[in-house]
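J.: My structure is in my_file35.txt, and what it holds is compact mmCIF, N, CA and C atoms:
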```txt
# COMPACT_ATOMS: atom_id res chain seq x y z
N MET A 1 27.18 -54.97 171.49
CA MET A 1 27.27 -55.66 172.74
C MET A 1 28.44 -55.07 173.52
N SER A 2 28.22 -54.65 174.75
CA SER A 2 29.27 -54.07 175.58
C SER A 2 29.86 -55.14 176.48
N SER A 3 31.14 -55.04 176.67
CA SER A 3 31.78 -56.00 177.57
C SER A 3 32.21 -55.26 178.83
N THR A 4 32.10 -55.91 179.95
CA THR A 4 32.52 -55.31 181.21
C THR A 4 33.76 -56.03 181.72
N ASN A 5 34.58 -55.29 182.38
CA ASN A 5 35.80 -55.85 182.94
C ASN A 5 35.54 -56.20 184.40
N ASN A 6 35.50 -57.47 184.70
CA ASN A 6 35.19 -57.93 186.06
C ASN A 6 36.45 -58.33 186.83
N THR A 7 37.58 -57.72 186.50
CA THR A 7 38.80 -58.06 187.22
C THR A 7 38.92 -57.22 188.48
N LEU A 8 39.43 -57.82 189.50
CA LEU A 8 39.64 -57.13 190.77
C LEU A 8 41.01 -56.47 190.74
N LYS A 9 41.05 -55.16 190.99
CA LYS A 9 42.32 -54.44 190.99
C LYS A 9 42.76 -54.23 192.43
N ILE A 10 43.95 -54.73 192.76
CA ILE A 10 44.51 -54.57 194.10
C ILE A 10 45.77 -53.74 193.96
N ASP A 11 45.80 -52.58 194.62
CA ASP A 11 46.98 -51.72 194.57
C ASP A 11 48.06 -52.31 195.47
N THR A 12 49.26 -52.40 194.91
CA THR A 12 50.40 -52.92 195.66
C THR A 12 51.60 -52.03 195.43
N PHE A 13 52.60 -52.20 196.29
CA PHE A 13 53.89 -51.57 196.08
C PHE A 13 54.96 -52.53 196.57
N THR A 14 56.17 -52.34 196.10
CA THR A 14 57.28 -53.17 196.51
C THR A 14 58.10 -52.40 197.54
N CYS A 15 58.38 -53.05 198.66
CA CYS A 15 59.14 -52.41 199.74
C CYS A 15 60.54 -52.07 199.25
N ALA A 16 60.96 -50.84 199.50
CA ALA A 16 62.28 -50.37 199.07
C ALA A 16 63.40 -50.99 199.89
N TRP A 17 63.09 -51.58 201.05
CA TRP A 17 64.12 -52.16 201.92
C TRP A 17 64.20 -53.68 201.77
N CYS A 18 63.07 -54.39 201.96
CA CYS A 18 63.12 -55.85 201.97
C CYS A 18 62.60 -56.49 200.69
N GLY A 19 61.97 -55.72 199.80
CA GLY A 19 61.50 -56.24 198.52
C GLY A 19 60.16 -56.95 198.57
N LEU A 20 59.49 -56.96 199.71
CA LEU A 20 58.19 -57.60 199.84
C LEU A 20 57.14 -56.86 199.02
N THR A 21 56.26 -57.58 198.34
CA THR A 21 55.14 -56.96 197.64
C THR A 21 54.02 -56.77 198.67
N VAL A 22 53.58 -55.51 198.84
CA VAL A 22 52.66 -55.14 199.91
C VAL A 22 51.39 -54.54 199.32
N THR A 23 50.23 -54.93 199.85
CA THR A 23 48.98 -54.31 199.43
C THR A 23 48.84 -52.97 200.14
N THR A 24 48.22 -52.01 199.48
CA THR A 24 48.10 -50.67 200.06
C THR A 24 47.01 -50.59 201.13
N PHE A 25 46.26 -51.65 201.31
CA PHE A 25 45.25 -51.67 202.37
C PHE A 25 45.59 -52.77 203.36
N ALA A 26 45.58 -52.42 204.64
CA ALA A 26 45.86 -53.39 205.70
C ALA A 26 44.67 -54.33 205.87
N ALA A 27 44.84 -55.34 206.68
CA ALA A 27 43.78 -56.33 206.91
C ALA A 27 42.51 -55.71 207.47
N ASP A 28 42.65 -54.63 208.25
CA ASP A 28 41.47 -53.98 208.82
C ASP A 28 40.86 -52.94 207.89
N GLY A 29 41.38 -52.81 206.66
CA GLY A 29 40.81 -51.90 205.67
C GLY A 29 41.42 -50.52 205.64
N THR A 30 42.32 -50.20 206.58
CA THR A 30 42.95 -48.88 206.58
C THR A 30 44.04 -48.84 205.52
N ARG A 31 44.29 -47.64 205.00
CA ARG A 31 45.31 -47.47 203.96
C ARG A 31 46.69 -47.49 204.61
N ARG A 32 47.59 -48.23 204.02
CA ARG A 32 48.93 -48.34 204.56
C ARG A 32 49.92 -47.69 203.61
N ASN A 33 51.02 -47.16 204.17
CA ASN A 33 52.07 -46.57 203.35
C ASN A 33 53.43 -47.18 203.64
N HIS A 34 53.47 -48.20 204.48
CA HIS A 34 54.75 -48.81 204.86
C HIS A 34 54.63 -50.33 204.82
N CYS A 35 55.77 -50.97 204.78
CA CYS A 35 55.84 -52.43 204.73
C CYS A 35 55.48 -53.00 206.10
N PRO A 36 54.57 -53.97 206.17
CA PRO A 36 54.22 -54.55 207.47
C PRO A 36 55.32 -55.44 208.05
N SER A 37 56.25 -55.86 207.22
CA SER A 37 57.31 -56.75 207.68
C SER A 37 58.48 -55.99 208.29
N CYS A 38 59.03 -55.00 207.56
CA CYS A 38 60.22 -54.28 208.05
C CYS A 38 59.90 -52.84 208.46
N LEU A 39 58.68 -52.36 208.18
CA LEU A 39 58.16 -51.04 208.54
C LEU A 39 58.79 -49.89 207.76
N HIS A 40 59.58 -50.17 206.74
CA HIS A 40 60.14 -49.10 205.90
C HIS A 40 59.08 -48.60 204.93
N SER A 41 59.30 -47.41 204.41
CA SER A 41 58.36 -46.77 203.49
C SER A 41 59.17 -46.08 202.39
N GLN A 42 58.46 -45.40 201.50
CA GLN A 42 59.13 -44.61 200.47
C GLN A 42 58.57 -43.20 200.52
N HIS A 43 59.43 -42.21 200.31
CA HIS A 43 59.06 -40.80 200.39
C HIS A 43 58.34 -40.39 199.12
N VAL A 44 57.02 -40.50 199.12
CA VAL A 44 56.22 -40.16 197.95
C VAL A 44 55.32 -38.95 198.18
N SER A 45 55.11 -38.55 199.44
CA SER A 45 54.27 -37.39 199.76
C SER A 45 55.11 -36.32 200.42
N ASP A 46 54.94 -35.08 199.99
CA ASP A 46 55.63 -33.95 200.60
C ASP A 46 54.74 -33.41 201.71
N HIS A 47 55.09 -33.69 202.95
CA HIS A 47 54.25 -33.31 204.08
C HIS A 47 54.42 -31.85 204.48
N VAL A 48 55.45 -31.18 203.97
CA VAL A 48 55.66 -29.77 204.28
C VAL A 48 54.83 -28.91 203.33
N GLU A 49 54.94 -29.17 202.03
CA GLU A 49 54.24 -28.37 201.03
C GLU A 49 52.94 -29.01 200.57
N GLY A 50 52.72 -30.27 200.88
CA GLY A 50 51.55 -30.98 200.39
C GLY A 50 51.78 -31.47 198.97
N GLY A 51 51.05 -32.47 198.58
CA GLY A 51 51.20 -33.02 197.24
C GLY A 51 52.30 -34.06 197.16
N PRO A 52 52.60 -34.49 195.95
CA PRO A 52 53.62 -35.53 195.78
C PRO A 52 55.03 -35.01 196.03
N SER A 53 55.90 -35.89 196.45
CA SER A 53 57.30 -35.55 196.68
C SER A 53 58.13 -36.03 195.49
N HIS A 54 59.15 -35.26 195.16
CA HIS A 54 60.04 -35.65 194.08
C HIS A 54 61.27 -36.37 194.62
N CYS A 55 61.35 -36.56 195.92
CA CYS A 55 62.51 -37.17 196.56
C CYS A 55 62.58 -38.67 196.29
N HIS A 56 61.53 -39.39 196.61
CA HIS A 56 61.43 -40.85 196.44
C HIS A 56 62.51 -41.62 197.19
N GLY A 57 63.05 -41.03 198.27
CA GLY A 57 64.03 -41.73 199.10
C GLY A 57 63.35 -42.76 199.99
N ARG A 58 64.16 -43.62 200.59
CA ARG A 58 63.64 -44.62 201.51
C ARG A 58 63.38 -43.98 202.86
N MET A 59 62.22 -44.27 203.44
CA MET A 59 61.85 -43.76 204.75
C MET A 59 62.13 -44.86 205.77
N THR A 60 63.02 -44.57 206.72
CA THR A 60 63.41 -45.54 207.74
C THR A 60 62.59 -45.31 209.01
N PRO A 61 62.03 -46.38 209.61
CA PRO A 61 61.30 -46.21 210.87
C PRO A 61 62.30 -45.90 211.98
N ILE A 62 62.05 -44.82 212.72
CA ILE A 62 63.00 -44.43 213.77
C ILE A 62 62.40 -44.40 215.17
N ALA A 63 61.07 -44.32 215.28
CA ALA A 63 60.48 -44.21 216.61
C ALA A 63 58.99 -44.52 216.57
N ILE A 64 58.44 -44.68 217.76
CA ILE A 64 57.00 -44.84 217.96
C ILE A 64 56.53 -43.64 218.77
N ALA A 65 55.43 -43.06 218.37
CA ALA A 65 54.79 -41.99 219.14
C ALA A 65 53.41 -42.49 219.54
N VAL A 66 52.98 -42.19 220.76
CA VAL A 66 51.67 -42.61 221.23
C VAL A 66 50.82 -41.36 221.41
N LEU A 67 49.68 -41.33 220.73
CA LEU A 67 48.77 -40.19 220.82
C LEU A 67 47.98 -40.23 222.13
N ARG A 68 47.34 -39.15 222.45
CA ARG A 68 46.51 -39.10 223.67
C ARG A 68 45.40 -40.13 223.64
N THR A 69 44.97 -40.49 222.45
CA THR A 69 43.91 -41.50 222.29
C THR A 69 44.42 -42.91 222.55
N GLY A 70 45.76 -43.06 222.65
CA GLY A 70 46.36 -44.38 222.83
C GLY A 70 46.80 -45.02 221.53
N ASP A 71 46.46 -44.39 220.40
CA ASP A 71 46.87 -44.92 219.10
C ASP A 71 48.36 -44.72 218.90
N TRP A 72 49.01 -45.72 218.29
CA TRP A 72 50.44 -45.65 218.01
C TRP A 72 50.67 -45.09 216.61
N MET A 73 51.69 -44.25 216.51
CA MET A 73 52.11 -43.68 215.22
C MET A 73 53.54 -44.12 214.96
N LEU A 74 53.82 -44.46 213.74
CA LEU A 74 55.16 -44.85 213.32
C LEU A 74 55.85 -43.62 212.74
N VAL A 75 57.00 -43.26 213.28
CA VAL A 75 57.74 -42.08 212.83
C VAL A 75 58.85 -42.55 211.88
N HIS A 76 58.87 -41.93 210.68
CA HIS A 76 59.87 -42.25 209.66
C HIS A 76 60.76 -41.04 209.40
N ARG A 77 62.00 -41.30 208.99
CA ARG A 77 62.92 -40.25 208.52
C ARG A 77 63.42 -40.68 207.14
N CYS A 78 63.39 -39.73 206.20
CA CYS A 78 63.88 -40.00 204.85
C CYS A 78 65.41 -40.04 204.87
N VAL A 79 65.99 -41.09 204.27
CA VAL A 79 67.46 -41.21 204.25
C VAL A 79 68.08 -40.26 203.24
N ARG A 80 67.29 -39.70 202.34
CA ARG A 80 67.82 -38.80 201.33
C ARG A 80 67.72 -37.32 201.74
N CYS A 81 66.54 -36.88 202.24
CA CYS A 81 66.34 -35.46 202.54
C CYS A 81 66.09 -35.17 204.02
N ASP A 82 66.05 -36.19 204.88
CA ASP A 82 65.86 -36.07 206.33
C ASP A 82 64.48 -35.58 206.76
N GLU A 83 63.49 -35.56 205.88
CA GLU A 83 62.14 -35.15 206.29
C GLU A 83 61.56 -36.21 207.23
N LEU A 84 60.85 -35.76 208.26
CA LEU A 84 60.19 -36.64 209.23
C LEU A 84 58.70 -36.72 208.91
N THR A 85 58.13 -37.91 209.03
CA THR A 85 56.69 -38.10 208.86
C THR A 85 56.20 -39.06 209.93
N SER A 86 54.90 -39.08 210.14
CA SER A 86 54.30 -40.06 211.04
C SER A 86 53.04 -40.62 210.39
N HIS A 87 52.82 -41.90 210.62
CA HIS A 87 51.68 -42.61 210.06
C HIS A 87 51.17 -43.61 211.08
N PRO A 88 49.87 -43.89 211.07
CA PRO A 88 49.32 -44.85 212.03
C PRO A 88 49.91 -46.24 211.86
N VAL A 89 50.09 -46.93 212.97
CA VAL A 89 50.51 -48.32 212.96
C VAL A 89 49.31 -49.16 212.51
N CYS A 90 49.54 -50.15 211.67
CA CYS A 90 48.48 -51.04 211.21
C CYS A 90 48.46 -52.30 212.07
N ALA A 91 47.31 -52.94 212.13
CA ALA A 91 47.13 -54.10 213.00
C ALA A 91 48.04 -55.27 212.64
N ASP A 92 48.43 -55.38 211.38
CA ASP A 92 49.27 -56.52 210.97
C ASP A 92 50.75 -56.16 210.83
N ASP A 93 51.17 -55.02 211.40
CA ASP A 93 52.58 -54.64 211.37
C ASP A 93 53.39 -55.57 212.27
N ASN A 94 54.66 -55.70 211.98
CA ASN A 94 55.58 -56.56 212.72
C ASN A 94 55.66 -56.10 214.18
N GLN A 95 55.07 -56.88 215.07
CA GLN A 95 54.97 -56.49 216.48
C GLN A 95 56.32 -56.50 217.18
N LEU A 96 57.22 -57.37 216.77
CA LEU A 96 58.55 -57.43 217.39
C LEU A 96 59.33 -56.14 217.11
N ILE A 97 59.32 -55.67 215.87
CA ILE A 97 60.02 -54.43 215.53
C ILE A 97 59.37 -53.24 216.23
N LEU A 98 58.04 -53.22 216.29
CA LEU A 98 57.34 -52.13 216.98
C LEU A 98 57.74 -52.07 218.45
N MET A 99 57.77 -53.22 219.13
CA MET A 99 58.13 -53.24 220.54
C MET A 99 59.60 -52.86 220.75
N ARG A 100 60.47 -53.30 219.84
CA ARG A 100 61.89 -52.92 219.95
C ARG A 100 62.05 -51.41 219.88
N MET A 101 61.32 -50.77 218.96
CA MET A 101 61.40 -49.30 218.85
C MET A 101 60.79 -48.62 220.06
N ALA A 102 59.72 -49.18 220.60
CA ALA A 102 59.04 -48.56 221.74
C ALA A 102 59.89 -48.61 223.00
N VAL A 103 60.66 -49.69 223.22
CA VAL A 103 61.45 -49.81 224.44
C VAL A 103 62.88 -49.32 224.29
N ARG A 104 63.30 -48.97 223.08
CA ARG A 104 64.67 -48.51 222.86
C ARG A 104 65.09 -47.38 223.79
N PRO A 105 64.26 -46.36 224.02
CA PRO A 105 64.69 -45.28 224.94
C PRO A 105 64.95 -45.78 226.36
N LEU A 106 64.25 -46.81 226.80
CA LEU A 106 64.47 -47.35 228.14
C LEU A 106 65.67 -48.29 228.17
N ALA A 107 65.87 -49.05 227.09
CA ALA A 107 66.98 -50.00 227.04
C ALA A 107 68.31 -49.33 226.76
N GLN A 108 68.28 -48.20 226.05
CA GLN A 108 69.51 -47.48 225.70
C GLN A 108 69.34 -45.99 226.00
N PRO A 109 69.28 -45.61 227.29
CA PRO A 109 69.08 -44.20 227.62
C PRO A 109 70.30 -43.37 227.22
N PRO A 110 70.11 -42.06 226.97
CA PRO A 110 71.21 -41.21 226.54
C PRO A 110 72.12 -40.76 227.69
N PHE A 111 71.97 -41.38 228.85
CA PHE A 111 72.79 -41.05 230.03
C PHE A 111 73.09 -42.35 230.76
N PRO A 112 74.12 -42.38 231.57
CA PRO A 112 74.42 -43.61 232.31
C PRO A 112 73.36 -43.88 233.38
N LEU A 113 72.91 -45.12 233.46
CA LEU A 113 71.88 -45.47 234.43
C LEU A 113 72.34 -45.28 235.86
N GLU A 114 73.66 -45.30 236.10
CA GLU A 114 74.19 -45.08 237.44
C GLU A 114 73.85 -43.69 237.95
N ALA A 115 73.60 -42.75 237.06
CA ALA A 115 73.27 -41.38 237.47
C ALA A 115 71.93 -41.33 238.20
N LEU A 116 71.06 -42.29 237.97
CA LEU A 116 69.77 -42.31 238.66
C LEU A 116 69.93 -42.60 240.16
N GLY A 117 70.97 -43.33 240.53
CA GLY A 117 71.19 -43.66 241.94
C GLY A 117 71.55 -42.45 242.78
N SER A 118 72.10 -41.40 242.16
CA SER A 118 72.49 -40.21 242.92
C SER A 118 71.40 -39.18 243.02
N LEU A 119 70.24 -39.46 242.51
CA LEU A 119 69.13 -38.48 242.58
C LEU A 119 68.46 -38.46 243.89
```
Starting from the coordinates I provided, produce the structure as structure tokens.

T.:
Amino acid sequence: MSSTNNTLKIDTFTCAWCGLTVTTFAADGTRRNHCPSCLHSQHVSDHVEGGPSHCHGRMTPIAIAVLRTGDWMLVHRCVRCDELTSHPVCADDNQLILMRMAVRPLAQPPFPLEALGSL
């Protein structure tokens, strides 16, 4: 008599920044690589050479990039090796943090706003 294992396996990871246990699939079914709460990730893929990374440093969200299609990408920088990566934003990501990153260049420009008056 053969027995079958009818357990549901859900892949999870623990956020390196906030400690939240996160499922690897977002609510819309897309694969996620970052925490939906704080948007941090872990450096597990080597995007330069391909394959797994031996760094395993924490990836900090630093910016939002918008593609021509209108899709938002989350840009991360590794705190250990400084590698940059980008990944799609998931529907259940923290919208407040996403908006803060998106408006940061306008709220904190790298030049004095008074300089615009002399143009």

J.: Can you tell me how far atom C of A:Met101 sits from atom N of A:Ser53, in Å to one decimal?

T.: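 One can read the atom C of A:Met101 to atom N of A:Ser53 distance as 27.3 Å.
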
J.: May I have all residues of chain A that DSSP, computed from the backbone, assigns to strand (DSSP E), given as a list in words?

T.: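 So the strand (DSSP E) residues in chain A would be Thr12, Phe13, Thr14, Thr21, Val22, Thr23, Ser41, Gln42, Arg58, Met59, Thr60, Pro61, Ile62, Ala63, Ile64, Ala65, Val66, Trp72, Met73, Leu74, Val75, His76, Arg77, Cys78, Leu84, Thr85, Ser86, His87 and Pro88 of chain A.
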
J.: From the options A:Thr85, A:Thr21, A:Arg32, A:Ala16, which residue's atoms come nearest to A:Gly57, counting all atoms listed in the file?

T.: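 Comparing A:Thr85, A:Thr21, A:Arg32, A:Ala16 against A:Gly57, the winner is A:Ala16.
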
J.: Name the residues of chain A that fall into helix (DSSP H, G or I) according to DSSP on the backbone, using the chain letters and numbers of this document, as a VMD selection string.

T.: chain A and resid 95 to 107 113 to 118

J.: Need the neighbours of (55.7, -48.2, 217.8): which residues are at most 7 Å away, counting only N, CA and C atoms, as a tab-separated table (two decimals) with N, CA and C atoms, keeping the file's coordinate frame?

T.:
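Contents of result-v7.tsv, as written:
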```tsv
chain	number	residue	atom	x	y	z
A	63	ALA	N	61.07	-44.32	215.28
A	63	ALA	CA	60.48	-44.21	216.61
A	63	ALA	C	58.99	-44.52	216.57
A	64	ILE	N	58.44	-44.68	217.76
A	64	ILE	CA	57.00	-44.84	217.96
A	64	ILE	C	56.53	-43.64	218.77
A	65	ALA	N	55.43	-43.06	218.37
A	65	ALA	CA	54.79	-41.99	219.14
A	65	ALA	C	53.41	-42.49	219.54
A	72	TRP	N	49.01	-45.72	218.29
A	72	TRP	CA	50.44	-45.65	218.01
A	72	TRP	C	50.67	-45.09	216.61
A	73	MET	N	51.69	-44.25	216.51
A	73	MET	CA	52.11	-43.68	215.22
A	73	MET	C	53.54	-44.12	214.96
A	74	LEU	N	53.82	-44.46	213.74
A	74	LEU	CA	55.16	-44.85	213.32
A	74	LEU	C	55.85	-43.62	212.74
A	75	VAL	N	57.00	-43.26	213.28
A	75	VAL	CA	57.74	-42.08	212.83
A	75	VAL	C	58.85	-42.55	211.88
A	97	ILE	N	59.32	-55.67	215.87
A	97	ILE	CA	60.02	-54.43	215.53
A	97	ILE	C	59.37	-53.24	216.23
A	98	LEU	N	58.04	-53.22	216.29
A	98	LEU	CA	57.34	-52.13	216.98
A	98	LEU	C	57.74	-52.07	218.45
A	99	MET	N	57.77	-53.22	219.13
A	99	MET	CA	58.13	-53.24	220.54
A	99	MET	C	59.60	-52.86	220.75
A	101	MET	N	61.32	-50.77	218.96
A	101	MET	CA	61.40	-49.30	218.85
A	101	MET	C	60.79	-48.62	220.06
A	102	ALA	N	59.72	-49.18	220.60
A	102	ALA	CA	59.04	-48.56	221.74
A	102	ALA	C	59.89	-48.61	223.00
```

J.: Write out as a list of chain:residue names each polymer residue whose atoms come within 7 Å of stretch 41-44 of chain A, counting only N, CA and C atoms; drop sequence neighbours fewer than 5 positions from it.

T.: A:Cys15, A:Ala16, A:Trp17, A:Asn33, A:His34, A:Cys35, A:Gly51, A:Pro52, A:Ser53, A:His54, A:Cys55, A:His56, A:Gly57, A:Arg58, A:Met59, A:Thr60, A:Pro61, A:Cys78

J.: Could you work out how far atom N of A:Pro36 lies from atom CA of A:Asp93, giving the answer in Å with one decimal?

T.: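 The value is 5.6 Å.
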
J.: Using atom CA of A:Val103 and atom N of A:Ser118 as the two end points, give the distance in Å to one decimal.

T.: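 One can read the atom CA of A:Val103 to atom N of A:Ser118 distance as 22.3 Å.
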
J.: List as a ChimeraX atom specification: which residues have an atom within 8 Å of (49.3, -52.9, 211.8), counting only N, CA and C atoms?

T.: /A:26-28,36,88-95

J.: Give me a file of those residues, with N, CA and C atoms, as a PDB file, keeping the file's coordinate frame.

T.:
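Result file follows (again_24.pdb):
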```pdb
ATOM      1  N   ALA A  26      45.580 -52.420 204.640  1.00  0.00           N
ATOM      2  CA  ALA A  26      45.860 -53.390 205.700  1.00  0.00           C
ATOM      3  C   ALA A  26      44.670 -54.330 205.870  1.00  0.00           C
ATOM      4  N   ALA A  27      44.840 -55.340 206.680  1.00  0.00           N
ATOM      5  CA  ALA A  27      43.780 -56.330 206.910  1.00  0.00           C
ATOM      6  C   ALA A  27      42.510 -55.710 207.470  1.00  0.00           C
ATOM      7  N   ASP A  28      42.650 -54.630 208.250  1.00  0.00           N
ATOM      8  CA  ASP A  28      41.470 -53.980 208.820  1.00  0.00           C
ATOM      9  C   ASP A  28      40.860 -52.940 207.890  1.00  0.00           C
ATOM     10  N   PRO A  36      54.570 -53.970 206.170  1.00  0.00           N
ATOM     11  CA  PRO A  36      54.220 -54.550 207.470  1.00  0.00           C
ATOM     12  C   PRO A  36      55.320 -55.440 208.050  1.00  0.00           C
ATOM     13  N   PRO A  88      49.870 -43.890 211.070  1.00  0.00           N
ATOM     14  CA  PRO A  88      49.320 -44.850 212.030  1.00  0.00           C
ATOM     15  C   PRO A  88      49.910 -46.240 211.860  1.00  0.00           C
ATOM     16  N   VAL A  89      50.090 -46.930 212.970  1.00  0.00           N
ATOM     17  CA  VAL A  89      50.510 -48.320 212.960  1.00  0.00           C
ATOM     18  C   VAL A  89      49.310 -49.160 212.510  1.00  0.00           C
ATOM     19  N   CYS A  90      49.540 -50.150 211.670  1.00  0.00           N
ATOM     20  CA  CYS A  90      48.480 -51.040 211.210  1.00  0.00           C
ATOM     21  C   CYS A  90      48.460 -52.300 212.070  1.00  0.00           C
ATOM     22  N   ALA A  91      47.310 -52.940 212.130  1.00  0.00           N
ATOM     23  CA  ALA A  91      47.130 -54.100 213.000  1.00  0.00           C
ATOM     24  C   ALA A  91      48.040 -55.270 212.640  1.00  0.00           C
ATOM     25  N   ASP A  92      48.430 -55.380 211.380  1.00  0.00           N
ATOM     26  CA  ASP A  92      49.270 -56.520 210.970  1.00  0.00           C
ATOM     27  C   ASP A  92      50.750 -56.160 210.830  1.00  0.00           C
ATOM     28  N   ASP A  93      51.170 -55.020 211.400  1.00  0.00           N
ATOM     29  CA  ASP A  93      52.580 -54.640 211.370  1.00  0.00           C
ATOM     30  C   ASP A  93      53.390 -55.570 212.270  1.00  0.00           C
ATOM     31  N   ASN A  94      54.660 -55.700 211.980  1.00  0.00           N
ATOM     32  CA  ASN A  94      55.580 -56.560 212.720  1.00  0.00           C
ATOM     33  C   ASN A  94      55.660 -56.100 214.180  1.00  0.00           C
ATOM     34  N   GLN A  95      55.070 -56.880 215.070  1.00  0.00           N
ATOM     35  CA  GLN A  95      54.970 -56.490 216.480  1.00  0.00           C
ATOM     36  C   GLN A  95      56.320 -56.500 217.180  1.00  0.00           C
TER      37      GLN A  95
END
```

J.: Here is a test: counting only N, CA and C atoms, which residue of A:Ala115, A:Ser86, A:Thr24, A:Pro109 is nearest to A:Thr12?

T.: A:Thr24
